[in-house]
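> Sharing protein.txt (compact mmCIF, C-alpha atoms) below.
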```txt
# COMPACT_ATOMS: atom_id res chain seq x y z
CA MET Y 1 68.71 98.17 89.12
CA ILE Y 2 69.69 95.63 91.71
CA SER Y 3 71.30 92.29 90.85
CA GLU Y 4 69.26 89.23 89.85
CA GLU Y 5 70.21 87.63 93.16
CA GLN Y 6 68.92 90.61 95.13
CA PHE Y 7 65.77 90.69 93.04
CA GLN Y 8 65.08 87.01 93.74
CA THR Y 9 65.59 87.66 97.46
CA GLU Y 10 62.87 90.33 97.24
CA ILE Y 11 60.53 87.85 95.53
CA ASP Y 12 61.24 85.21 98.20
CA LEU Y 13 60.42 87.73 100.93
CA ILE Y 14 57.16 88.69 99.22
CA ILE Y 15 56.05 85.07 99.02
CA ALA Y 16 56.98 84.24 102.60
CA ASN Y 17 55.31 87.34 104.01
CA ALA Y 18 52.17 86.96 101.90
CA ILE Y 19 51.67 83.33 102.92
CA ARG Y 20 52.30 84.27 106.57
CA GLU Y 21 49.73 87.05 106.30
CA ASP Y 22 47.09 84.94 104.57
CA VAL Y 23 47.48 81.49 106.13
CA GLY Y 24 48.51 82.20 109.72
CA ASP Y 25 48.22 79.04 111.77
CA GLY Y 26 46.27 77.23 109.05
CA ASP Y 27 43.69 77.39 106.27
CA HIS Y 28 40.93 76.14 108.51
CA SER Y 29 38.28 76.27 105.77
CA SER Y 30 40.21 73.65 103.81
CA LEU Y 31 41.40 71.71 106.83
CA ALA Y 32 37.81 71.37 108.01
CA CYS Y 33 36.34 69.72 104.94
CA ILE Y 34 39.09 68.42 102.64
CA PRO Y 35 41.15 65.32 103.56
CA ASP Y 36 44.94 65.61 103.66
CA SER Y 37 45.15 62.88 101.04
CA ALA Y 38 42.85 64.58 98.50
CA ILE Y 39 44.51 65.38 95.17
CA GLY Y 40 43.09 68.12 92.96
CA ARG Y 41 43.61 69.91 89.68
CA ALA Y 42 42.81 73.53 88.88
CA LYS Y 43 43.10 75.89 85.92
CA LEU Y 44 44.05 79.56 85.76
CA LEU Y 45 41.12 80.98 83.77
CA VAL Y 46 41.39 84.35 82.00
CA LYS Y 47 38.19 86.43 82.10
CA ASP Y 48 39.64 89.56 80.50
CA GLU Y 49 42.05 90.55 77.76
CA GLY Y 50 45.56 91.96 77.77
CA ILE Y 51 49.07 90.74 78.57
CA ILE Y 52 49.41 87.86 81.01
CA ALA Y 53 52.06 88.27 83.71
CA GLY Y 54 52.94 86.35 86.85
CA VAL Y 55 52.94 82.79 85.55
CA GLU Y 56 56.54 82.30 86.64
CA PHE Y 57 55.77 83.93 89.98
CA ALA Y 58 52.83 81.56 90.45
CA LYS Y 59 55.15 78.59 89.95
CA GLN Y 60 57.37 79.90 92.74
CA VAL Y 61 54.36 80.32 95.03
CA PHE Y 62 53.14 76.77 94.41
CA ALA Y 63 56.65 75.41 95.00
CA TYR Y 64 56.94 77.37 98.26
CA VAL Y 65 53.60 76.06 99.53
CA ASP Y 66 54.16 72.47 98.41
CA LYS Y 67 57.16 71.28 96.41
CA ASP Y 68 55.14 68.34 95.06
CA MET Y 69 52.65 70.50 93.14
CA LYS Y 70 53.03 70.33 89.36
CA VAL Y 71 52.27 73.17 86.93
CA GLU Y 72 51.50 72.69 83.23
CA THR Y 73 52.04 76.02 81.49
CA LEU Y 74 49.93 76.76 78.42
CA ILE Y 75 50.59 80.51 78.05
CA GLU Y 76 53.91 82.10 79.02
CA ASP Y 77 54.39 85.52 80.61
CA GLY Y 78 54.22 88.39 78.11
CA ASN Y 79 51.71 86.84 75.74
CA GLU Y 80 48.36 88.34 74.78
CA VAL Y 81 45.34 86.63 76.31
CA LYS Y 82 41.58 86.86 75.83
CA TYR Y 83 38.47 85.81 77.69
CA GLY Y 84 38.30 82.04 78.10
CA ASP Y 85 42.03 81.34 77.76
CA ILE Y 86 43.68 78.98 80.22
CA ALA Y 87 47.16 80.09 81.29
CA PHE Y 88 48.10 76.95 83.21
CA TYR Y 89 46.92 73.89 85.10
CA VAL Y 90 48.18 73.07 88.59
CA GLU Y 91 47.88 69.63 90.17
CA GLY Y 92 48.64 68.45 93.68
CA ALA Y 93 47.21 68.29 97.18
CA SER Y 94 43.87 70.08 97.16
CA GLN Y 95 44.69 71.79 100.45
CA SER Y 96 47.93 73.13 98.98
CA ILE Y 97 46.22 74.52 95.87
CA LEU Y 98 43.72 76.36 98.05
CA LYS Y 99 46.44 77.68 100.34
CA ALA Y 100 48.29 79.22 97.37
CA GLU Y 101 45.21 80.37 95.43
CA ARG Y 102 44.70 83.90 96.75
CA LEU Y 103 48.35 84.96 96.57
CA VAL Y 104 48.63 83.64 93.01
CA LEU Y 105 45.49 85.48 91.91
CA ASN Y 106 46.20 88.74 93.70
CA ALA Y 107 49.69 88.90 92.23
CA MET Y 108 48.82 87.79 88.71
CA GLN Y 109 45.83 90.11 88.43
CA ARG Y 110 47.92 93.15 89.31
CA MET Y 111 51.01 92.06 87.38
CA SER Y 112 48.92 91.42 84.27
CA ALA Y 113 47.32 94.85 84.53
CA ILE Y 114 50.72 96.51 84.79
CA ALA Y 115 52.15 94.48 81.90
CA THR Y 116 49.12 95.35 79.78
CA LYS Y 117 49.43 99.09 80.44
CA THR Y 118 53.18 98.98 79.83
CA LYS Y 119 52.63 97.26 76.48
CA VAL Y 120 50.27 100.09 75.44
CA PHE Y 121 53.02 102.64 76.15
CA VAL Y 122 55.65 100.50 74.40
CA ASP Y 123 53.46 100.28 71.31
CA LEU Y 124 52.95 104.06 71.29
CA LEU Y 125 56.75 104.48 71.23
CA GLU Y 126 57.26 102.07 68.33
CA GLY Y 127 59.52 103.54 65.65
CA THR Y 128 61.28 105.90 68.05
CA GLU Y 129 64.48 105.36 70.03
CA THR Y 130 62.76 106.21 73.31
CA LYS Y 131 62.18 103.60 76.03
CA ILE Y 132 59.56 103.58 78.78
CA LEU Y 133 60.66 103.44 82.43
CA ASP Y 134 58.77 102.71 85.63
CA THR Y 135 59.26 104.65 88.90
CA ARG Y 136 59.27 104.04 92.67
CA LYS Y 137 55.52 104.81 92.76
CA THR Y 138 54.73 101.21 93.60
CA THR Y 139 52.61 99.35 96.14
CA PRO Y 140 54.58 99.07 99.41
CA GLY Y 141 55.91 95.57 99.96
CA ILE Y 142 55.44 94.24 96.41
CA ARG Y 143 57.68 96.55 94.36
CA ALA Y 144 59.62 93.62 92.90
CA LEU Y 145 56.42 92.12 91.47
CA GLU Y 146 55.34 95.38 89.89
CA LYS Y 147 58.73 96.08 88.37
CA TRP Y 148 58.85 92.49 87.09
CA ALA Y 149 55.49 93.11 85.41
CA VAL Y 150 56.83 96.24 83.68
CA LYS Y 151 59.64 94.16 82.19
CA ILE Y 152 57.16 91.51 81.05
CA GLY Y 153 55.17 94.25 79.29
CA GLY Y 154 58.26 95.38 77.37
CA GLY Y 155 59.29 98.33 79.54
CA GLU Y 156 62.50 98.95 81.44
CA ASN Y 157 63.14 99.35 85.15
CA HIS Y 158 64.32 102.59 86.70
CA ARG Y 159 66.24 102.33 89.97
CA PHE Y 160 64.80 99.76 92.35
CA ALA Y 161 65.02 101.79 95.53
CA LEU Y 162 66.85 104.61 97.27
CA TYR Y 163 70.04 102.61 97.66
CA ASP Y 164 70.95 101.52 94.12
CA MET Y 165 71.16 104.90 92.36
CA ILE Y 166 71.51 108.58 93.23
CA MET Y 167 68.58 110.70 92.08
CA LEU Y 168 68.70 114.38 92.96
CA LYS Y 169 65.22 115.84 92.66
CA ASP Y 170 63.76 119.25 93.43
CA ASN Y 171 63.70 118.83 97.22
CA HIS Y 172 67.29 117.52 97.35
CA ILE Y 173 68.42 120.47 95.25
CA ASP Y 174 66.53 123.03 97.33
CA PHE Y 175 67.62 121.56 100.67
CA ALA Y 176 71.24 121.42 99.46
CA GLY Y 177 71.22 125.06 98.34
CA GLY Y 178 71.17 124.68 94.56
CA VAL Y 179 71.78 122.17 91.81
CA ALA Y 180 75.56 122.65 91.52
CA LYS Y 181 76.04 122.34 95.26
CA ALA Y 182 73.88 119.20 95.39
CA ILE Y 183 75.92 117.56 92.61
CA ASN Y 184 79.28 118.47 94.09
CA LEU Y 185 78.28 117.28 97.55
CA THR Y 186 77.05 114.03 96.02
CA LYS Y 187 80.31 113.41 94.20
CA GLN Y 188 82.21 114.00 97.41
CA TYR Y 189 79.88 111.66 99.32
CA LEU Y 190 80.41 108.87 96.78
CA GLU Y 191 84.17 109.34 96.99
CA ASP Y 192 84.19 109.42 100.79
CA THR Y 193 82.02 106.31 101.10
CA ASN Y 194 83.66 104.45 98.21
CA ARG Y 195 80.36 103.90 96.43
CA ASP Y 196 79.91 103.48 92.69
CA LEU Y 197 76.39 104.77 92.03
CA LYS Y 198 75.06 106.49 88.92
CA ILE Y 199 73.76 110.04 89.36
CA ILE Y 200 70.50 111.31 87.88
CA VAL Y 201 69.62 114.98 88.35
CA GLU Y 202 66.25 116.62 87.85
CA ALA Y 203 66.23 119.90 85.93
CA ARG Y 204 63.38 122.38 86.22
CA SER Y 205 64.64 124.82 83.61
CA LEU Y 206 67.10 125.17 80.76
CA GLU Y 207 69.29 127.22 83.09
CA GLU Y 208 69.50 124.32 85.54
CA ILE Y 209 70.44 122.00 82.68
CA LYS Y 210 73.37 124.28 81.88
CA GLU Y 211 74.46 124.16 85.54
CA ILE Y 212 74.24 120.37 85.57
CA LEU Y 213 76.33 120.09 82.41
CA ASP Y 214 78.94 122.46 83.85
CA CYS Y 215 79.32 120.17 86.86
CA GLY Y 216 79.77 117.02 84.75
CA GLY Y 217 79.74 113.43 85.97
CA VAL Y 218 75.97 112.98 85.65
CA TYR Y 219 74.58 109.79 84.14
CA ARG Y 220 71.15 111.13 83.14
CA ILE Y 221 69.27 114.42 83.29
CA LEU Y 222 65.60 114.27 84.22
CA ILE Y 223 63.80 116.87 82.11
CA ASP Y 224 60.82 117.33 84.40
CA ASN Y 225 57.51 118.95 83.43
CA PHE Y 226 58.91 120.67 80.32
CA ASN Y 227 56.69 121.46 77.33
CA TYR Y 228 57.53 120.00 73.93
CA GLU Y 229 59.46 123.02 72.68
CA ASP Y 230 61.65 123.30 75.78
CA THR Y 231 62.17 119.52 75.80
CA ARG Y 232 63.57 119.72 72.28
CA LYS Y 233 65.83 122.58 73.34
CA ALA Y 234 66.98 120.59 76.37
CA VAL Y 235 67.82 117.52 74.28
CA GLU Y 236 69.80 119.67 71.85
CA LEU Y 237 71.61 121.40 74.70
CA ILE Y 238 72.54 118.12 76.41
CA GLY Y 239 73.65 116.42 73.19
CA ASP Y 240 75.89 113.44 73.93
CA GLU Y 241 76.98 114.67 77.37
CA CYS Y 242 74.61 112.28 79.13
CA LEU Y 243 71.31 110.44 78.74
CA THR Y 244 67.95 112.22 78.88
CA GLU Y 245 64.66 111.35 80.54
CA SER Y 246 61.30 113.11 80.34
CA SER Y 247 58.73 112.86 83.12
CA GLY Y 248 55.82 114.67 84.67
CA GLY Y 249 52.23 113.78 83.85
CA ILE Y 250 53.04 112.14 80.53
CA ASN Y 251 50.15 109.98 79.31
CA GLU Y 252 48.95 108.03 76.29
CA LYS Y 253 48.06 111.24 74.42
CA THR Y 254 51.39 112.98 74.99
CA ILE Y 255 54.01 110.23 75.17
CA ARG Y 256 54.64 110.05 71.42
CA HIS Y 257 55.18 113.81 71.22
CA TYR Y 258 57.79 113.70 73.99
CA ALA Y 259 59.53 110.76 72.33
CA GLU Y 260 59.72 112.74 69.10
CA CYS Y 261 61.61 115.44 71.01
CA GLY Y 262 64.51 112.96 71.08
CA VAL Y 263 64.68 111.89 74.73
CA ASP Y 264 66.25 108.54 75.55
CA TYR Y 265 63.70 107.61 78.21
CA ILE Y 266 60.24 108.54 79.40
CA SER Y 267 59.30 107.60 82.97
CA SER Y 268 55.72 107.11 84.09
CA GLY Y 269 54.40 106.36 87.55
CA ALA Y 270 51.05 105.50 85.96
CA LEU Y 271 52.45 102.14 84.85
CA THR Y 272 52.21 100.93 88.44
CA HIS Y 273 49.93 103.30 90.34
CA SER Y 274 46.99 103.64 87.93
CA VAL Y 275 45.90 100.22 86.69
CA TYR Y 276 42.79 98.05 86.95
CA ASN Y 277 43.45 94.43 87.82
CA MET Y 278 42.94 91.82 85.12
CA ASP Y 279 40.07 89.45 85.93
CA LEU Y 280 41.49 85.96 86.55
CA SER Y 281 40.17 82.92 88.41
CA LEU Y 282 41.63 79.65 89.68
CA LYS Y 283 38.94 77.01 89.10
CA ALA Y 284 38.89 73.35 90.12
CA VAL Y 285 38.62 70.92 87.21
```
Show me the file's structure as structure tokens.

Amino acid sequence: MISEEQFQTEIDLIIANAIREDVGDGDHSSLACIPDSAIGRAKLLVKDEGIIAGVEFAKQVFAYVDKDMKVETLIEDGNEVKYGDIAFYVEGASQSILKAERLVLNAMQRMSAIATKTKVFVDLLEGTETKILDTRKTTPGIRALEKWAVKIGGGENHRFALYDMIMLKDNHIDFAGGVAKAINLTKQYLEDTNRDLKIIVEARSLEEIKEILDCGGVYRILIDNFNYEDTRKAVELIGDECLTESSGGINEKTIRHYAECGVDYISSGALTHSVYNMDLSLKAV
């Protein structure tokens, strides 16, 4: 993953771009009927159940829109919520609250859904040594928010993007002319460019795993679309040579079985690409 500083830069860019997109040259609905001097108070009302996420992000949005807005937090990120709960109160210029409202809700609804789904997967893995990972199957432009939500839900982040880790998948391997050639070319590239990046390699068979191990220097092997029996064989074959990761259509019904095969990680794109937003509202009080 990228550094905390880089991650915060991504969050700052998301906020700036979202406000630009939504507000443009002004929130004319508010400007038309609410005086500049009007002070208001609103509550973040939960109308669903699950894991709340995005409270800290909301604070950053309010501060970006108007540094004088004050937030009183009642429920922190990562906590379970139910219908009728109030996550926070925000107080300040009424125009500023309305300007920030849609971005706060859009982000928190999606982040909470992702955190809730991640927590389900985390709970299914309880008692095993396996950890759940997200993927790059995220909504363009808001990846940092979605990966933040996975962490809030108890999961772990895979690489952030194409630039912070090497991941050789089926197309890389086929275009390069085979798994061994792809790995060796990658090692040479890292040496030539003086880059220190971890290498993950996807394996499609036990034979490819043997080739990967013969090459050495790999951080993690992605055991992709294997059945349970072959996954167990793969884990035994790899041993302590490197870390292991299972992926490929793994869901709530199968995740525990793959964990019991002994893999270190299970990655799931469903954490971020297949969720239903949590129902939240920002209501004036």
> Within 6 Å of range 20-42 of chain Y, which residues of range 58-175 of chain Y come that close, and what is the closest atom pair and distance in Å for each? Count all atoms listed in the file and give it as a tab-separated table.

```
residue	atom	partner	partner_atom	distance
Y:Tyr89	CA	Y:Ala42	CA	5.6
Y:Val90	CA	Y:Ala42	CA	5.4
Y:Glu91	CA	Y:Arg41	CA	4.3
Y:Gly92	CA	Y:Ile39	CA	5.4
Y:Ala93	CA	Y:Ile39	CA	4.4
Y:Ser94	CA	Y:Gly40	CA	4.7
Y:Gln95	CA	Y:Ser30	CA	5.9
```
> Write the residues of the selection above to a file with C-alpha atoms, as a PDB file, in the coordinates of the input.

```
ATOM      1  CA  TYR Y  89      46.920  73.890  85.100  1.00  0.00           C
ATOM      2  CA  VAL Y  90      48.180  73.070  88.590  1.00  0.00           C
ATOM      3  CA  GLU Y  91      47.880  69.630  90.170  1.00  0.00           C
ATOM      4  CA  GLY Y  92      48.640  68.450  93.680  1.00  0.00           C
ATOM      5  CA  ALA Y  93      47.210  68.290  97.180  1.00  0.00           C
ATOM      6  CA  SER Y  94      43.870  70.080  97.160  1.00  0.00           C
ATOM      7  CA  GLN Y  95      44.690  71.790 100.450  1.00  0.00           C
TER       8      GLN Y  95
END
```
> CA of Thr130 in chain Y to CA of Glu5 in chain Y: how many Å, to one decimal?
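Computed distance, CA of Thr130 in chain Y to CA of Glu5 in chain Y, equals 28.2 Å.
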> To one decimal place in Å, what is the distance between CA of Ser281 in chain Y and CA of Lys147 in chain Y?
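The value is 22.8 Å.
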> Give me the residues near range 77-86 of chain Y as a list in words, where near means some atom within 6 Å (using all atoms listed in the file) and where sequence neighbours in that chain fewer than 6 positions away do not count.
Leu44, Leu45, Val46, Lys47, Asp48, Glu49, Gly50, Ile51, Ile52, Ala53, Val55 and Ile152 of chain Y
> Could you turn the residues from that selection into a file that holds C-alpha atoms, as a PDB file, in the frame of the given file?

```pdb
ATOM      1  CA  LEU Y  44      44.050  79.560  85.760  1.00  0.00           C
ATOM      2  CA  LEU Y  45      41.120  80.980  83.770  1.00  0.00           C
ATOM      3  CA  VAL Y  46      41.390  84.350  82.000  1.00  0.00           C
ATOM      4  CA  LYS Y  47      38.190  86.430  82.100  1.00  0.00           C
ATOM      5  CA  ASP Y  48      39.640  89.560  80.500  1.00  0.00           C
ATOM      6  CA  GLU Y  49      42.050  90.550  77.760  1.00  0.00           C
ATOM      7  CA  GLY Y  50      45.560  91.960  77.770  1.00  0.00           C
ATOM      8  CA  ILE Y  51      49.070  90.740  78.570  1.00  0.00           C
ATOM      9  CA  ILE Y  52      49.410  87.860  81.010  1.00  0.00           C
ATOM     10  CA  ALA Y  53      52.060  88.270  83.710  1.00  0.00           C
ATOM     11  CA  VAL Y  55      52.940  82.790  85.550  1.00  0.00           C
ATOM     12  CA  ILE Y 152      57.160  91.510  81.050  1.00  0.00           C
TER      13      ILE Y 152
END
```
> Could you jot down the CA of Ile75 in chain Y to CA of His158 in chain Y separation for me, Å, one decimal place?
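Taking CA of Ile75 in chain Y as the start and CA of His158 in chain Y as the end point, the length is 27.4 Å.
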> For Asp66 in chain Y, please output as a list of chain:residue names all residues within 10 Å (counting only C-alpha atoms; exclusion window: fewer than 2 positions along the same chain).
Y:Gln60, Y:Val61, Y:Phe62, Y:Ala63, Y:Tyr64, Y:Asp68, Y:Met69, Y:Lys70, Y:Gly92, Y:Ala93, Y:Gln95, Y:Ser96, Y:Ile97, Y:Lys99, Y:Ala100
> With distances taken over all atoms listed in the file, which of Y:Arg204, Y:Lys253, Y:Lys131, Y:His172 is nearest to Gly155 in chain Y?
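Closest to Gly155 in chain Y, using all atoms listed in the file: Y:Lys131.
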> Check the smallest atom-to-atom distance from each of Y:Glu129, Y:Glu260, Y:Glu56, Y:Asp134 to Ala161 in chain Y using only C-alpha atoms, then report the winner.
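Nearest candidate to Ala161 in chain Y out of Y:Glu129, Y:Glu260, Y:Glu56, Y:Asp134: Y:Asp134.
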> Box time for range 26-30 of chain Y: axis-aligned, enclosing all its listed atoms, 6 Å extra on each side; report centre and edge lengths in Å to one decimal, as lines of an AutoDock Vina configuration file.

```
center_x = 42.3
center_y = 75.5
center_z = 106.4
size_x = 20.0
size_y = 15.7
size_z = 17.2
```
> Up to 9 Å from (49.2, 93.5, 89.8) in the file's coordinates: name the residues, counting all atoms listed in the file, as a list in words.
Ala53, Gly54, Asn106, Ala107, Met108, Gln109, Arg110, Met111, Ser112, Ala113, Ile114, Ala115, Leu145, Glu146, Ala149, Thr272, Val275, Tyr276, Asn277 and Met278 of chain Y
> Ranking Y:Phe121, Y:Gly217, Y:Ile223, Y:Glu207 by minimum distance to Thr186 in chain Y and counting all atoms listed in the file, which one comes first?
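When distances to Thr186 in chain Y are compared using all atoms listed in the file, the smallest one comes from Y:Gly217.
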> Y:Glu72, Y:Ser246, Y:Met1, Y:Gly154: which is nearest Leu124 in chain Y, counting all atoms listed in the file?
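Closest to Leu124 in chain Y of all the choices is Y:Gly154.
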> Tell me which protein, DNA and RNA residues are within 9 Å of Arg232 in chain Y, counting all atoms listed in the file, leaving out same-chain ones fewer than 5 positions away, and put them as an mmCIF file with C-alpha atoms, keeping the file's coordinate frame.

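Result file follows (around.cif):
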```cif
data_model
loop_
_atom_site.group_PDB
_atom_site.id
_atom_site.type_symbol
_atom_site.label_atom_id
_atom_site.label_comp_id
_atom_site.auth_asym_id
_atom_site.auth_seq_id
_atom_site.Cartn_x
_atom_site.Cartn_y
_atom_site.Cartn_z
ATOM 1 C CA ASN Y 227 56.690 121.460 77.330
ATOM 2 C CA LEU Y 237 71.610 121.400 74.700
ATOM 3 C CA TYR Y 258 57.790 113.700 73.990
ATOM 4 C CA GLU Y 260 59.720 112.740 69.100
ATOM 5 C CA CYS Y 261 61.610 115.440 71.010
ATOM 6 C CA GLY Y 262 64.510 112.960 71.080
ATOM 7 C CA VAL Y 263 64.680 111.890 74.730
#
```
> Rank Y:Leu133, Y:Tyr163, Y:Asn157, Y:Glu10 by their smallest atom-to-atom distance to Thr244 in chain Y, using only C-alpha atoms, and report the top residue only.
Y:Leu133
